[in-house]
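Quick notes on the structure that follows.
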Amino acid sequence: MQEISTKPYLLRALYEWCTDNGYTPHIAVRVDNQTRVPRQFVRDNEIVLNISFEATSQLQMGNEWVEFSARFSGKSHKIEVPVANVLAIYARENGQGMAFPVESAGGEATDSGADAVEADEVAPPVKSAGSGPRAVESEPASVPRAKADEADADGTPSPDDDGSKGGGGRGHLKVVK
């Protein structure tokens with residue numbers, strides 16, 4: 001019997017931490033043929049999704065899949081993401097969260113030194129050695145937001161989204177020990 005990955009448990013724990021602290025949980029996702037998301041919002045085979053209670057309905061974070069319904073530009077979509085394709089989970093407000101190594105189609109983790117977690121220019125690359133998950137923290141003023149502001153309930157940008165790119169550039173995630 002194969003051991004279950006810790007990744008889905010870490011995703012659920014960080015989701016709970018975000019909601020308990022009043023933060024908006026987001027996931028950066030690598031999009032492939034198994035991922036079911038609205039393709040018009042995908043950039044460089046990646047997308048960032050707002051998975052807060054307000055932005056989703058019927059959210060299920062299982063050991064193999066993250067599934068929910070959300071509205072994009074006013075139209076409801078069923079979202080299905082393999083847990084293996086989740087690149088990071090973090091709080092939008094302060095950038096705190098965790099990045100994961102990119103898994104190849106064969107399920108092997110690869111680490112190029114800078115994981116590709118820049119879906120929709122939201123999650124900047126993480127510089128780290130090793131292949132395990134990494135706790136990450138960002139400077140709050142420099143966390144850019146997605147243009148299509150993920151899956152807000154009515155398909156419109158969040159009220160606190162002024163369209164700016166934060167501190168004028170990409171945020172910088174750093175390893176938290």
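Chains: A, B, ... in order of the structure tokens. Residues: from 1 per chain. Ligands: from 1, in order shown.
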
Next on the checklist: For segment 85-90 of chain A, find every residue with an atom within 6 Å (counting only C-alpha atoms), except residues of its own chain fewer than 5 positions away, and show them as number ranges by chain.
Outcome noted: A: 25-30, 95-100, 117

Checklist entry - If we count only C-alpha atoms, what is near Arg36 of chain A at a cut-off of 7 Å, once residues fewer than 6 positions away on the same chain are taken out, given as an NGL selection string? => result :A and (79-81)

I need the residues from that last selection saved to file as a PDB file, in the first residue's frame (with N, CA and C atoms), if you can.
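Saved to again17.pdb:
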ATOM      1  N   ILE A  79     -15.000  23.698 -11.076  1.00  0.00           N
ATOM      2  CA  ILE A  79     -13.532  23.679 -11.070  1.00  0.00           C
ATOM      3  C   ILE A  79     -13.066  22.354 -10.477  1.00  0.00           C
ATOM      4  N   GLU A  80     -12.136  21.705 -11.176  1.00  0.00           N
ATOM      5  CA  GLU A  80     -11.551  20.459 -10.693  1.00  0.00           C
ATOM      6  C   GLU A  80     -10.042  20.529 -10.885  1.00  0.00           C
ATOM      7  N   VAL A  81      -9.309  20.432  -9.775  1.00  0.00           N
ATOM      8  CA  VAL A  81      -7.852  20.552  -9.800  1.00  0.00           C
ATOM      9  C   VAL A  81      -7.240  19.343  -9.097  1.00  0.00           C
TER      10      VAL A  81
END

Item to check | Distance in Å - atom CA of Val37 of chain A versus atom CA of Gly74 of chain A | outcome: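 Interatomic distance here is 14.6 Å.
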
Checklist entry - For Ser5 of chain A, which of A:Arg39, A:Arg92, A:Phe72, A:Gly62 is the closest residue, counting only C-alpha atoms? => result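 Of A:Arg39, A:Arg92, A:Phe72, A:Gly62, the one nearest Ser5 of chain A, counting only C-alpha atoms, is A:Gly62.
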
Next on the checklist: Please extract the residues of segment 3-52 of chain A with a backbone DSSP assignment of helix (DSSP H, G or I) and present them as a PyMOL selection string.
Outcome noted: chain A and resi 7-20+39-41

Checklist entry - What separation in Å, quoted to one decimal, exists between atom CA of Ser52 of chain A and atom CA of Asp20 of chain A? => result 11.3 Å

Which residues are near Phe68 of chain A? Cut-off 10 Å, only C-alpha atoms, ignore same chain within fewer than 5 positions. Put them as a PDB file with all heavy atoms, in the first residue's frame.
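So the final result, stored in result_22.pdb, reads:
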ATOM      1  N   ILE A  51     -10.095  30.539  -3.247  1.00  0.00           N
ATOM      2  CA  ILE A  51     -10.880  29.418  -2.743  1.00  0.00           C
ATOM      3  C   ILE A  51     -11.567  29.750  -1.426  1.00  0.00           C
ATOM      4  O   ILE A  51     -11.898  28.863  -0.647  1.00  0.00           O
ATOM      5  CB  ILE A  51     -10.028  28.125  -2.625  1.00  0.00           C
ATOM      6  CG1 ILE A  51      -8.827  28.327  -1.703  1.00  0.00           C
ATOM      7  CG2 ILE A  51      -9.614  27.633  -3.998  1.00  0.00           C
ATOM      8  CD1 ILE A  51      -8.108  27.023  -1.347  1.00  0.00           C
ATOM      9  N   ALA A  55     -16.145  33.029  -2.310  1.00  0.00           N
ATOM     10  CA  ALA A  55     -15.910  32.923  -3.748  1.00  0.00           C
ATOM     11  C   ALA A  55     -16.279  31.560  -4.325  1.00  0.00           C
ATOM     12  O   ALA A  55     -16.333  31.409  -5.535  1.00  0.00           O
ATOM     13  CB  ALA A  55     -14.448  33.217  -4.061  1.00  0.00           C
ATOM     14  N   THR A  56     -16.518  30.575  -3.462  1.00  0.00           N
ATOM     15  CA  THR A  56     -16.779  29.221  -3.940  1.00  0.00           C
ATOM     16  C   THR A  56     -18.067  28.675  -3.358  1.00  0.00           C
ATOM     17  O   THR A  56     -18.594  29.193  -2.370  1.00  0.00           O
ATOM     18  CB  THR A  56     -15.641  28.264  -3.533  1.00  0.00           C
ATOM     19  OG1 THR A  56     -15.608  28.165  -2.106  1.00  0.00           O
ATOM     20  CG2 THR A  56     -14.299  28.723  -4.057  1.00  0.00           C
ATOM     21  N   SER A  57     -18.557  27.619  -3.972  1.00  0.00           N
ATOM     22  CA  SER A  57     -19.628  26.834  -3.353  1.00  0.00           C
ATOM     23  C   SER A  57     -19.259  25.372  -3.508  1.00  0.00           C
ATOM     24  O   SER A  57     -18.586  24.979  -4.471  1.00  0.00           O
ATOM     25  CB  SER A  57     -20.992  27.138  -3.987  1.00  0.00           C
ATOM     26  OG  SER A  57     -21.026  26.743  -5.334  1.00  0.00           O
ATOM     27  N   GLN A  58     -19.647  24.588  -2.538  1.00  0.00           N
ATOM     28  CA  GLN A  58     -19.402  23.147  -2.525  1.00  0.00           C
ATOM     29  C   GLN A  58     -17.907  22.811  -2.621  1.00  0.00           C
ATOM     30  O   GLN A  58     -17.515  21.874  -3.318  1.00  0.00           O
ATOM     31  CB  GLN A  58     -20.178  22.458  -3.648  1.00  0.00           C
ATOM     32  CG  GLN A  58     -21.665  22.675  -3.546  1.00  0.00           C
ATOM     33  CD  GLN A  58     -22.414  22.126  -4.745  1.00  0.00           C
ATOM     34  OE1 GLN A  58     -21.863  21.961  -5.822  1.00  0.00           O
ATOM     35  NE2 GLN A  58     -23.694  21.838  -4.545  1.00  0.00           N
ATOM     36  N   LEU A  59     -17.075  23.557  -1.908  1.00  0.00           N
ATOM     37  CA  LEU A  59     -15.635  23.290  -1.902  1.00  0.00           C
ATOM     38  C   LEU A  59     -15.355  21.957  -1.223  1.00  0.00           C
ATOM     39  O   LEU A  59     -15.818  21.702  -0.113  1.00  0.00           O
ATOM     40  CB  LEU A  59     -14.873  24.405  -1.168  1.00  0.00           C
ATOM     41  CG  LEU A  59     -13.368  24.192  -0.980  1.00  0.00           C
ATOM     42  CD1 LEU A  59     -12.637  24.191  -2.324  1.00  0.00           C
ATOM     43  CD2 LEU A  59     -12.793  25.268  -0.075  1.00  0.00           C
ATOM     44  N   GLN A  60     -14.610  21.105  -1.923  1.00  0.00           N
ATOM     45  CA  GLN A  60     -14.165  19.830  -1.382  1.00  0.00           C
ATOM     46  C   GLN A  60     -12.669  19.720  -1.631  1.00  0.00           C
ATOM     47  O   GLN A  60     -12.220  19.749  -2.778  1.00  0.00           O
ATOM     48  CB  GLN A  60     -14.885  18.659  -2.045  1.00  0.00           C
ATOM     49  CG  GLN A  60     -16.368  18.627  -1.767  1.00  0.00           C
ATOM     50  CD  GLN A  60     -17.039  17.438  -2.453  1.00  0.00           C
ATOM     51  OE1 GLN A  60     -16.444  16.741  -3.264  1.00  0.00           O
ATOM     52  NE2 GLN A  60     -18.286  17.214  -2.105  1.00  0.00           N
ATOM     53  N   MET A  61     -11.912  19.591  -0.543  1.00  0.00           N
ATOM     54  CA  MET A  61     -10.466  19.448  -0.646  1.00  0.00           C
ATOM     55  C   MET A  61     -10.105  18.030  -0.214  1.00  0.00           C
ATOM     56  O   MET A  61      -9.819  17.781   0.954  1.00  0.00           O
ATOM     57  CB  MET A  61      -9.764  20.504   0.214  1.00  0.00           C
ATOM     58  CG  MET A  61     -10.052  21.923  -0.252  1.00  0.00           C
ATOM     59  SD  MET A  61      -9.268  23.186   0.749  1.00  0.00           S
ATOM     60  CE  MET A  61      -7.586  23.022   0.218  1.00  0.00           C
ATOM     61  N   HIS A  77     -18.813  28.057 -13.072  1.00  0.00           N
ATOM     62  CA  HIS A  77     -17.963  26.998 -13.621  1.00  0.00           C
ATOM     63  C   HIS A  77     -17.698  25.969 -12.532  1.00  0.00           C
ATOM     64  O   HIS A  77     -17.498  26.320 -11.370  1.00  0.00           O
ATOM     65  CB  HIS A  77     -16.609  27.554 -14.087  1.00  0.00           C
ATOM     66  CG  HIS A  77     -16.698  28.457 -15.262  1.00  0.00           C
ATOM     67  ND1 HIS A  77     -16.592  28.005 -16.555  1.00  0.00           N
ATOM     68  CD2 HIS A  77     -16.885  29.796 -15.336  1.00  0.00           C
ATOM     69  CE1 HIS A  77     -16.698  29.026 -17.384  1.00  0.00           C
ATOM     70  NE2 HIS A  77     -16.878  30.129 -16.667  1.00  0.00           N
ATOM     71  N   LYS A  78     -17.659  24.702 -12.920  1.00  0.00           N
ATOM     72  CA  LYS A  78     -17.233  23.630 -12.032  1.00  0.00           C
ATOM     73  C   LYS A  78     -15.720  23.528 -12.169  1.00  0.00           C
ATOM     74  O   LYS A  78     -15.195  23.338 -13.264  1.00  0.00           O
ATOM     75  CB  LYS A  78     -17.904  22.307 -12.438  1.00  0.00           C
ATOM     76  CG  LYS A  78     -17.450  21.111 -11.639  1.00  0.00           C
ATOM     77  CD  LYS A  78     -17.937  21.140 -10.223  1.00  0.00           C
ATOM     78  CE  LYS A  78     -17.564  19.831  -9.535  1.00  0.00           C
ATOM     79  NZ  LYS A  78     -17.520  19.938  -8.121  1.00  0.00           N
ATOM     80  N   ILE A  79     -15.000  23.698 -11.076  1.00  0.00           N
ATOM     81  CA  ILE A  79     -13.532  23.679 -11.070  1.00  0.00           C
ATOM     82  C   ILE A  79     -13.066  22.354 -10.477  1.00  0.00           C
ATOM     83  O   ILE A  79     -13.536  21.936  -9.415  1.00  0.00           O
ATOM     84  CB  ILE A  79     -12.974  24.853 -10.230  1.00  0.00           C
ATOM     85  CG1 ILE A  79     -13.570  26.187 -10.665  1.00  0.00           C
ATOM     86  CG2 ILE A  79     -11.458  24.862 -10.250  1.00  0.00           C
ATOM     87  CD1 ILE A  79     -13.314  26.562 -12.102  1.00  0.00           C
ATOM     88  N   GLU A  80     -12.136  21.705 -11.176  1.00  0.00           N
ATOM     89  CA  GLU A  80     -11.551  20.459 -10.693  1.00  0.00           C
ATOM     90  C   GLU A  80     -10.042  20.529 -10.885  1.00  0.00           C
ATOM     91  O   GLU A  80      -9.553  20.667 -12.005  1.00  0.00           O
ATOM     92  CB  GLU A  80     -12.114  19.256 -11.460  1.00  0.00           C
ATOM     93  CG  GLU A  80     -13.599  19.063 -11.243  1.00  0.00           C
ATOM     94  CD  GLU A  80     -14.200  17.947 -12.085  1.00  0.00           C
ATOM     95  OE1 GLU A  80     -13.509  17.429 -12.992  1.00  0.00           O
ATOM     96  OE2 GLU A  80     -15.362  17.594 -11.842  1.00  0.00           O
ATOM     97  N   VAL A  81      -9.309  20.432  -9.775  1.00  0.00           N
ATOM     98  CA  VAL A  81      -7.852  20.552  -9.800  1.00  0.00           C
ATOM     99  C   VAL A  81      -7.240  19.343  -9.097  1.00  0.00           C
ATOM    100  O   VAL A  81      -7.548  19.092  -7.926  1.00  0.00           O
ATOM    101  CB  VAL A  81      -7.406  21.848  -9.071  1.00  0.00           C
ATOM    102  CG1 VAL A  81      -5.899  21.919  -8.962  1.00  0.00           C
ATOM    103  CG2 VAL A  81      -7.976  23.077  -9.738  1.00  0.00           C
TER     104      VAL A  81
END

Item to check | Residues of segment 34-110 of chain A in strand (DSSP E), written as a PyMOL selection string | outcome: chain A and resi 46-50+56-61+65-72+75-82+86-91+97-99+102-103+109-110

How would the residues just chosen look if you wrote them out with N, CA and C atoms as a compact mmCIF listing (two decimals), in the first residue's frame?
# COMPACT_ATOMS: atom_id res chain seq x y z
N GLU A 46 -0.80 28.28 -16.10
CA GLU A 46 -1.02 28.43 -14.66
C GLU A 46 -2.19 29.36 -14.41
N ILE A 47 -2.83 29.19 -13.26
CA ILE A 47 -3.94 30.04 -12.85
C ILE A 47 -3.92 30.15 -11.33
N VAL A 48 -4.39 31.27 -10.81
CA VAL A 48 -4.54 31.46 -9.38
C VAL A 48 -6.03 31.51 -9.09
N LEU A 49 -6.46 30.75 -8.09
CA LEU A 49 -7.87 30.66 -7.76
C LEU A 49 -8.13 31.09 -6.32
N ASN A 50 -9.12 31.94 -6.15
CA ASN A 50 -9.59 32.34 -4.83
C ASN A 50 -10.48 31.21 -4.34
N THR A 56 -16.52 30.58 -3.46
CA THR A 56 -16.78 29.22 -3.94
C THR A 56 -18.07 28.68 -3.36
N SER A 57 -18.56 27.62 -3.97
CA SER A 57 -19.63 26.83 -3.35
C SER A 57 -19.26 25.37 -3.51
N GLN A 58 -19.65 24.59 -2.54
CA GLN A 58 -19.40 23.15 -2.53
C GLN A 58 -17.91 22.81 -2.62
N LEU A 59 -17.07 23.56 -1.91
CA LEU A 59 -15.64 23.29 -1.90
C LEU A 59 -15.35 21.96 -1.22
N GLN A 60 -14.61 21.10 -1.92
CA GLN A 60 -14.16 19.83 -1.38
C GLN A 60 -12.67 19.72 -1.63
N MET A 61 -11.91 19.59 -0.54
CA MET A 61 -10.47 19.45 -0.65
C MET A 61 -10.10 18.03 -0.21
N TRP A 65 -8.17 15.48 -5.24
CA TRP A 65 -8.74 16.58 -6.02
C TRP A 65 -9.19 17.72 -5.13
N VAL A 66 -9.10 18.94 -5.65
CA VAL A 66 -9.74 20.12 -5.07
C VAL A 66 -10.86 20.46 -6.05
N GLU A 67 -12.10 20.45 -5.56
CA GLU A 67 -13.26 20.67 -6.43
C GLU A 67 -14.18 21.71 -5.81
N PHE A 68 -14.74 22.56 -6.66
CA PHE A 68 -15.71 23.55 -6.22
C PHE A 68 -16.36 24.20 -7.43
N SER A 69 -17.39 24.98 -7.17
CA SER A 69 -18.01 25.81 -8.21
C SER A 69 -17.70 27.25 -7.90
N ALA A 70 -17.46 28.04 -8.96
CA ALA A 70 -17.15 29.46 -8.79
C ALA A 70 -17.62 30.22 -10.02
N ARG A 71 -17.79 31.51 -9.86
CA ARG A 71 -18.22 32.36 -10.97
C ARG A 71 -17.03 33.12 -11.53
N PHE A 72 -16.92 33.10 -12.85
CA PHE A 72 -15.92 33.86 -13.57
C PHE A 72 -16.69 34.73 -14.55
N LYS A 75 -20.37 33.94 -14.89
CA LYS A 75 -20.80 32.61 -15.32
C LYS A 75 -20.23 31.55 -14.37
N SER A 76 -21.10 30.65 -13.90
CA SER A 76 -20.69 29.60 -12.98
C SER A 76 -19.90 28.52 -13.71
N HIS A 77 -18.81 28.06 -13.07
CA HIS A 77 -17.96 27.00 -13.62
C HIS A 77 -17.70 25.97 -12.53
N LYS A 78 -17.66 24.70 -12.92
CA LYS A 78 -17.23 23.63 -12.03
C LYS A 78 -15.72 23.53 -12.17
N ILE A 79 -15.00 23.70 -11.08
CA ILE A 79 -13.53 23.68 -11.07
C ILE A 79 -13.07 22.35 -10.48
N GLU A 80 -12.14 21.70 -11.18
CA GLU A 80 -11.55 20.46 -10.69
C GLU A 80 -10.04 20.53 -10.89
N VAL A 81 -9.31 20.43 -9.78
CA VAL A 81 -7.85 20.55 -9.80
C VAL A 81 -7.24 19.34 -9.10
N PRO A 82 -6.38 18.60 -9.78
CA PRO A 82 -5.66 17.53 -9.08
C PRO A 82 -4.74 18.13 -8.01
N VAL A 86 -1.37 21.56 -7.61
CA VAL A 86 -1.34 22.76 -6.78
C VAL A 86 0.10 23.14 -6.51
N LEU A 87 0.47 24.34 -6.95
CA LEU A 87 1.84 24.83 -6.80
C LEU A 87 2.06 25.55 -5.48
N ALA A 88 1.00 26.20 -4.97
CA ALA A 88 1.14 26.96 -3.73
C ALA A 88 -0.24 27.27 -3.18
N ILE A 89 -0.30 27.51 -1.88
CA ILE A 89 -1.48 28.04 -1.21
C ILE A 89 -1.00 29.17 -0.32
N TYR A 90 -1.72 30.31 -0.35
CA TYR A 90 -1.27 31.46 0.42
C TYR A 90 -2.43 32.40 0.70
N ALA A 91 -2.22 33.28 1.68
CA ALA A 91 -3.20 34.31 2.01
C ALA A 91 -2.96 35.52 1.10
N GLY A 97 2.09 31.53 3.24
CA GLY A 97 1.55 30.26 2.81
C GLY A 97 2.64 29.26 2.56
N MET A 98 2.41 28.37 1.59
CA MET A 98 3.38 27.32 1.32
C MET A 98 3.42 27.03 -0.18
N ALA A 99 4.63 26.88 -0.71
CA ALA A 99 4.83 26.49 -2.10
C ALA A 99 5.23 25.02 -2.12
N VAL A 102 7.08 21.22 -8.16
CA VAL A 102 6.29 20.89 -9.35
C VAL A 102 6.44 19.39 -9.58
N GLU A 103 5.30 18.71 -9.76
CA GLU A 103 5.35 17.27 -10.02
C GLU A 103 5.21 17.04 -11.51
N ALA A 109 8.62 14.58 -8.26
CA ALA A 109 8.82 15.99 -7.95
C ALA A 109 10.12 16.45 -8.58
N THR A 110 10.08 17.63 -9.17
CA THR A 110 11.29 18.23 -9.71
C THR A 110 11.45 19.59 -9.09

Next on the checklist: Using only C-alpha atoms, can you tell me which of A:Asp32, A:Pro8, A:Asp44, A:Glu3 comes closest to Glu64 of chain A?
Outcome noted: A:Pro8

Checklist entry - Taking into account only C-alpha atoms, which residue in the set A:Tyr15, A:Pro101, A:Phe53, A:Val83 is nearest to Val31 of chain A? => result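 Ranked by minimum distance to Val31 of chain A, first place goes to A:Val83.
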
Checklist entry - Hey, which of A:Ala84, A:Thr24, A:Lys7, A:Thr35 ends up closest to Glu54 of chain A? Count only C-alpha atoms. => result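 Going through A:Ala84, A:Thr24, A:Lys7, A:Thr35 one by one, the smallest distance to Glu54 of chain A is for A:Thr24.
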